[in-house]
$ cat run-v2.txt   # compact mmCIF, C-alpha atoms and all ligand atoms
# COMPACT_ATOMS: atom_id res chain seq x y z
CA MET A 195 -4.02 8.30 -18.91
CA LYS A 196 -0.74 6.49 -19.14
CA LEU A 197 0.83 4.53 -16.29
CA TYR A 198 4.53 3.74 -16.27
CA GLY A 199 4.93 0.66 -14.13
CA TYR A 200 6.24 -2.85 -13.81
CA TRP A 201 4.08 -5.92 -13.33
CA ARG A 202 5.68 -6.89 -10.01
CA SER A 203 6.04 -3.39 -8.62
CA THR A 204 4.06 -3.12 -5.39
CA ALA A 205 3.60 0.63 -5.83
CA ALA A 206 2.43 0.34 -9.45
CA TYR A 207 0.07 -2.47 -8.38
CA ARG A 208 -1.54 -0.05 -5.90
CA VAL A 209 -2.19 2.48 -8.64
CA ARG A 210 -3.61 -0.15 -11.02
CA ILE A 211 -6.09 -1.24 -8.36
CA ALA A 212 -7.14 2.37 -7.78
CA LEU A 213 -7.58 3.07 -11.50
CA HIS A 214 -9.69 -0.07 -11.94
CA LEU A 215 -11.77 0.72 -8.84
CA LYS A 216 -12.43 4.19 -10.27
CA GLY A 217 -13.25 2.69 -13.66
CA ILE A 218 -10.55 4.76 -15.39
CA GLU A 219 -9.11 3.44 -18.65
CA PHE A 220 -5.36 3.73 -18.97
CA ASP A 221 -2.44 2.55 -21.06
CA SER A 222 0.31 0.67 -19.28
CA VAL A 223 3.91 1.36 -20.22
CA ALA A 224 6.31 -1.27 -18.90
CA VAL A 225 9.55 -0.17 -17.27
CA HIS A 226 11.55 -3.34 -16.64
CA LEU A 227 13.22 -2.85 -13.27
CA VAL A 228 15.87 -5.53 -13.75
CA LYS A 229 16.60 -6.00 -17.47
CA ASN A 230 19.66 -4.16 -18.84
CA GLY A 231 20.58 -2.90 -15.40
CA GLY A 232 17.07 -1.51 -14.87
CA GLU A 233 15.12 0.61 -17.36
CA GLN A 234 14.20 3.00 -14.52
CA TYR A 235 17.78 4.30 -14.73
CA LYS A 236 17.70 5.03 -18.47
CA ASP A 237 17.68 8.69 -19.48
CA ASN A 238 14.25 8.60 -21.10
CA TYR A 239 12.57 7.33 -17.92
CA ALA A 240 14.72 9.35 -15.48
CA ALA A 241 13.59 12.45 -17.37
CA ILE A 242 9.98 11.52 -16.59
CA ASN A 243 10.66 10.52 -12.98
CA PRO A 244 13.95 11.75 -11.47
CA ASN A 245 13.45 9.35 -8.54
CA GLN A 246 14.00 6.49 -11.02
CA LEU A 247 11.18 4.53 -9.44
CA VAL A 248 7.82 3.37 -10.77
CA PRO A 249 4.99 4.25 -10.97
CA THR A 250 4.54 7.51 -12.85
CA LEU A 251 1.14 8.62 -14.07
CA ILE A 252 0.73 10.82 -17.13
CA ASP A 253 -2.57 12.67 -17.49
CA GLY A 254 -2.36 14.86 -20.58
CA ASP A 255 0.61 17.15 -19.97
CA PHE A 256 0.57 16.45 -16.22
CA SER A 257 3.03 13.94 -14.79
CA LEU A 258 2.93 12.59 -11.22
CA ASN A 259 4.98 10.11 -9.21
CA GLN A 260 4.38 8.56 -5.75
CA SER A 261 1.60 5.98 -5.78
CA LEU A 262 -0.35 7.54 -2.88
CA ALA A 263 -0.23 11.00 -4.47
CA ILE A 264 -1.43 9.45 -7.74
CA ILE A 265 -4.25 7.63 -5.98
CA ASP A 266 -5.30 10.82 -4.22
CA TYR A 267 -5.13 12.71 -7.52
CA VAL A 268 -7.36 10.28 -9.38
CA ASP A 269 -9.68 10.04 -6.41
CA VAL A 270 -10.34 13.77 -6.24
CA THR A 271 -10.27 14.53 -9.97
CA LYS A 272 -12.24 11.61 -11.36
CA ALA A 273 -15.80 10.62 -10.60
CA GLY A 274 -16.63 7.15 -9.31
CA LEU A 275 -16.20 5.27 -6.10
CA SER A 276 -14.37 7.28 -3.43
CA LEU A 277 -11.22 5.67 -2.09
CA TYR A 278 -11.39 7.50 1.23
CA PRO A 279 -14.19 7.48 3.79
CA ASP A 280 -16.16 10.59 4.67
CA GLY A 281 -15.27 12.37 7.88
CA ILE A 282 -11.98 13.96 8.89
CA GLN A 283 -11.04 11.35 11.48
CA ALA A 284 -12.08 8.39 9.34
CA ARG A 285 -10.12 9.78 6.40
CA ALA A 286 -7.05 10.38 8.59
CA LYS A 287 -7.26 6.88 10.04
CA VAL A 288 -7.35 5.32 6.57
CA GLN A 289 -4.43 7.48 5.46
CA ALA A 290 -2.45 6.36 8.50
CA LEU A 291 -3.10 2.70 7.68
CA ALA A 292 -2.01 3.23 4.09
CA LEU A 293 1.13 5.07 5.24
CA ASP A 294 1.90 2.35 7.82
CA ILE A 295 2.28 0.06 4.82
CA ALA A 296 3.68 2.42 2.20
CA CYS A 297 6.22 4.15 4.48
CA GLU A 298 7.03 1.62 7.20
CA ILE A 299 7.07 -1.69 5.31
CA HIS A 300 7.52 -1.21 1.60
CA PRO A 301 10.63 1.01 1.32
CA LEU A 302 12.77 -1.29 3.45
CA ASN A 303 12.25 -4.17 1.05
CA ASN A 304 12.48 -2.27 -2.19
CA LEU A 305 14.65 -3.58 -5.00
CA ARG A 306 17.31 -0.87 -4.76
CA VAL A 307 17.60 -1.38 -1.00
CA GLN A 308 18.14 -5.08 -1.51
CA GLN A 309 20.59 -4.45 -4.31
CA TYR A 310 22.54 -2.09 -2.05
CA LEU A 311 22.58 -4.65 0.75
CA ALA A 312 23.84 -7.34 -1.61
CA CYS A 313 26.19 -5.43 -3.92
CA ASP A 314 27.58 -2.65 -1.74
CA LEU A 315 27.42 -4.16 1.74
CA SER A 316 28.03 -7.78 0.65
CA VAL A 317 25.01 -9.05 2.58
CA GLY A 318 24.36 -12.70 1.64
CA ASN A 319 21.03 -14.17 0.52
CA GLU A 320 20.18 -15.65 3.91
CA ALA A 321 20.75 -12.36 5.75
CA LYS A 322 18.88 -10.47 3.02
CA SER A 323 15.88 -12.79 3.46
CA ALA A 324 16.05 -12.28 7.22
CA TRP A 325 16.00 -8.50 6.64
CA VAL A 326 12.90 -8.71 4.43
CA ASP A 327 11.18 -11.11 6.80
CA HIS A 328 11.97 -8.97 9.84
CA TRP A 329 10.65 -5.68 8.47
CA MET A 330 7.57 -7.23 6.91
CA THR A 331 6.75 -9.01 10.17
CA VAL A 332 7.24 -5.88 12.29
CA GLY A 333 4.98 -3.98 9.90
CA PHE A 334 2.26 -6.61 9.54
CA ASN A 335 2.15 -7.23 13.31
CA ALA A 336 1.22 -3.57 13.77
CA ILE A 337 -1.29 -3.61 10.90
CA GLU A 338 -3.02 -6.70 12.31
CA LYS A 339 -3.48 -4.94 15.68
CA GLN A 340 -4.90 -1.88 13.93
CA LEU A 341 -7.33 -3.96 11.89
CA VAL A 342 -8.73 -5.58 15.02
CA ARG A 343 -9.99 -2.07 15.83
CA THR A 344 -10.95 -0.79 12.39
CA ALA A 345 -11.83 -3.65 10.04
CA GLY A 346 -15.17 -4.87 8.81
CA CYS A 347 -15.10 -6.61 5.43
CA TYR A 348 -12.23 -4.28 4.53
CA CYS A 349 -9.52 -2.43 6.47
CA PHE A 350 -11.85 0.36 7.47
CA LYS A 351 -15.29 -1.02 8.19
CA ASP A 352 -17.07 -2.15 5.01
CA GLN A 353 -15.74 0.47 2.60
CA ILE A 354 -12.94 -0.21 0.15
CA THR A 355 -10.26 2.41 0.66
CA VAL A 356 -6.66 3.20 -0.13
CA ALA A 357 -5.70 1.15 2.94
CA ASP A 358 -7.02 -2.02 1.25
CA ILE A 359 -5.15 -1.12 -1.92
CA CYS A 360 -1.86 -0.86 -0.02
CA LEU A 361 -2.54 -3.99 2.03
CA VAL A 362 -3.34 -6.25 -0.93
CA ALA A 363 -0.24 -5.18 -2.85
CA GLN A 364 2.00 -5.58 0.20
CA VAL A 365 0.65 -9.04 1.05
CA TYR A 366 1.25 -10.12 -2.55
CA ASN A 367 4.84 -8.95 -2.09
CA ALA A 368 5.12 -10.77 1.25
CA ASN A 369 3.96 -14.01 -0.36
CA ARG A 370 6.54 -13.57 -3.06
CA PHE A 371 9.21 -13.42 -0.35
CA ASN A 372 7.68 -16.40 1.51
CA VAL A 373 6.93 -14.36 4.61
CA ASP A 374 4.80 -16.42 6.99
CA MET A 375 1.37 -14.75 6.85
CA THR A 376 -0.52 -17.42 8.78
CA GLY A 377 -0.73 -15.46 12.05
CA TYR A 378 -2.81 -12.60 10.63
CA PRO A 379 -6.51 -13.53 10.52
CA TYR A 380 -7.71 -9.94 10.04
CA ILE A 381 -5.24 -9.16 7.29
CA ASN A 382 -5.99 -12.43 5.49
CA ARG A 383 -9.74 -11.91 5.70
CA VAL A 384 -9.53 -8.41 4.25
CA VAL A 385 -7.18 -9.50 1.47
CA ASP A 386 -9.44 -12.44 0.56
CA ASN A 387 -12.45 -10.11 0.40
CA CYS A 388 -10.61 -7.62 -1.81
CA ASN A 389 -9.28 -10.26 -4.16
CA LYS A 390 -12.83 -11.40 -4.93
CA LEU A 391 -13.42 -8.05 -6.64
CA GLU A 392 -12.84 -7.57 -10.35
CA ALA A 393 -10.76 -4.39 -9.95
CA PHE A 394 -8.27 -6.22 -7.75
CA GLN A 395 -8.13 -9.18 -10.14
CA LEU A 396 -7.52 -6.96 -13.18
CA ALA A 397 -4.64 -5.31 -11.33
CA LEU A 398 -2.91 -8.55 -10.32
CA PRO A 399 0.74 -8.64 -11.39
CA GLU A 400 0.32 -11.87 -13.35
CA ASN A 401 -2.54 -10.31 -15.35
CA GLN A 402 -0.30 -7.57 -16.78
CA ALA A 403 0.99 -7.63 -20.34
CA ASP A 404 4.63 -7.45 -19.20
CA ALA A 405 4.28 -10.34 -16.73
CA VAL A 406 6.85 -13.06 -17.17
CA ASN A 407 5.74 -16.55 -16.27
N1 LIG A 501 6.99 5.55 -2.47
C1 LIG A 501 7.02 5.21 -3.86
C2 LIG A 501 7.78 3.92 -4.01
C3 LIG A 501 8.10 3.63 -5.45
C4 LIG A 501 8.98 2.40 -5.54
O1 LIG A 501 9.75 2.10 -4.61
N2 LIG A 501 8.89 1.67 -6.66
C5 LIG A 501 9.69 0.49 -6.81
C6 LIG A 501 8.84 -0.67 -7.31
S1 LIG A 501 7.62 -1.11 -6.13
C7 LIG A 501 10.78 0.73 -7.83
O2 LIG A 501 10.58 1.41 -8.81
N3 LIG A 501 11.97 0.14 -7.58
C8 LIG A 501 13.06 0.26 -8.47
C9 LIG A 501 14.35 0.16 -7.77
O3 LIG A 501 14.37 -0.10 -6.57
O4 LIG A 501 15.37 0.33 -8.45
C10 LIG A 501 5.59 5.07 -4.38
O5 LIG A 501 4.71 4.76 -3.57
O6 LIG A 501 5.34 5.30 -5.58

$ encode --input "run-v2.txt" --output "structure tokens"
Amino acid sequence: MKLYGYWRSTAAYRVRIALHLKGIEFDSVAVHLVKNGGEQYKDNYAAINPNQLVPTLIDGDFSLNQSLAIIDYVDVTKAGLSLYPDGIQARAKVQALALDIACEIHPLNNLRVQQYLACDLSVGNEAKSAWVDHWMTVGFNAIEKQLVRTAGCYCFKDQITVADICLVAQVYNANRFNVDMTGYPYINRVVDNCNKLEAFQLALPENQADAVN
């Protein structure tokens, strides 16, 4: 398998965690999101992923974008630890938690959104930070309330799931933007527990070959 990603991409980080949890070997191909105006916009990458976003997974002659679709694909097609709990309601609950992060928090803070705010709408740095802080806080406030009901060691009881994958990557992103995460004991406990595991450590942005110190 080949994964097109970028070390600091939250969505690519999710997929790396999933691949490591499943014990799947893969080659990483770096798509630098900023250099030269963004390699995601170059013809060779846009031909692979018309959305011009990372990640994209290549499995033989099959190509797939959208991190949650990729995670679901590897979960159902490859043996190993399951990233969803058994049971229709448990599975749906975990999916909802993952989507609360992937749909309600992440897109609002994405690079191209911030670039549009800054370059097209002339939003200054202070207002841009307030935007990021606001949407992350709204999202994490809701996640914290959900985890009070669902969490054990991890987001959903004591099983590692796609919800943990999304949470860890999003909290990493929040820390990067200096969002105050002190008021979230459930989130912080789950993230600490996940980050003790090798799969999560291998997937850390700073442990990727394209990471810039
Ligand atoms: N919903 C997509 C989001 C993909 C996405 O937004 N990727 C970001 C990095 S985390 C990206 O490629 N940004 C490039 C840009 O904004 O130009 C997924 O989960 O795969």

$ atom_distance --input "run-v2.txt" --atom1 "atom CA of A:Tyr239" --atom2 "atom N2 of ligand LIG 501 (chain A)"
13.1 Å

$ closest_residue --input "run-v2.txt" --among "A:Ala363, A:Ile242, A:Ala212, A:Leu275" --to "ligand LIG 501 (chain A)" --atoms "only C-alpha atoms and all ligand atoms"
A:Ala363

$ atom_distance --input "run-v2.txt" --atom1 "atom CA of A:Glu219" --atom2 "atom CA of A:Asp404"
17.5 Å

$ residues_near_ligand --input "run-v2.txt" --ligand "ligand LIG 501 (chain A)" --cutoff "9 Å" --atoms "all atoms listed in the file" --output "PyMOL selection string"
chain A and resi 199-200+202-209+225+227-228+232-235+245-250+259-264+296-297+300-301+303-309

$ closest_residue --input "run-v2.txt" --among "A:Leu197, A:Ile282, A:Ile354, A:Cys347" --to "A:Ile252" --atoms "only C-alpha atoms"
A:Leu197

$ closest_residue --input "run-v2.txt" --among "A:Pro379, A:Leu315, A:Tyr198, A:Ser276" --to "A:Ala240" --atoms "only C-alpha atoms"
A:Tyr198

$ atom_distance --input "run-v2.txt" --atom1 "atom CA of A:Arg210" --atom2 "atom CA of A:Ser222"
9.2 Å

$ closest_residue --input "run-v2.txt" --among "A:Lys390, A:Phe371, A:Ile295, A:Val356" --to "A:Lys322" --atoms "all atoms listed in the file"
A:Phe371

$ closest_residue --input "run-v2.txt" --among "A:Val385, A:Ala224, A:Cys360, A:Ile299" --to "A:Asn335" --atoms "all atoms listed in the file"
A:Ile299

$ closest_residue --input "run-v2.txt" --among "A:Glu320, A:Asp237, A:Asp253, A:Asp314" --to "A:Thr271" --atoms "all atoms listed in the file"
A:Asp253
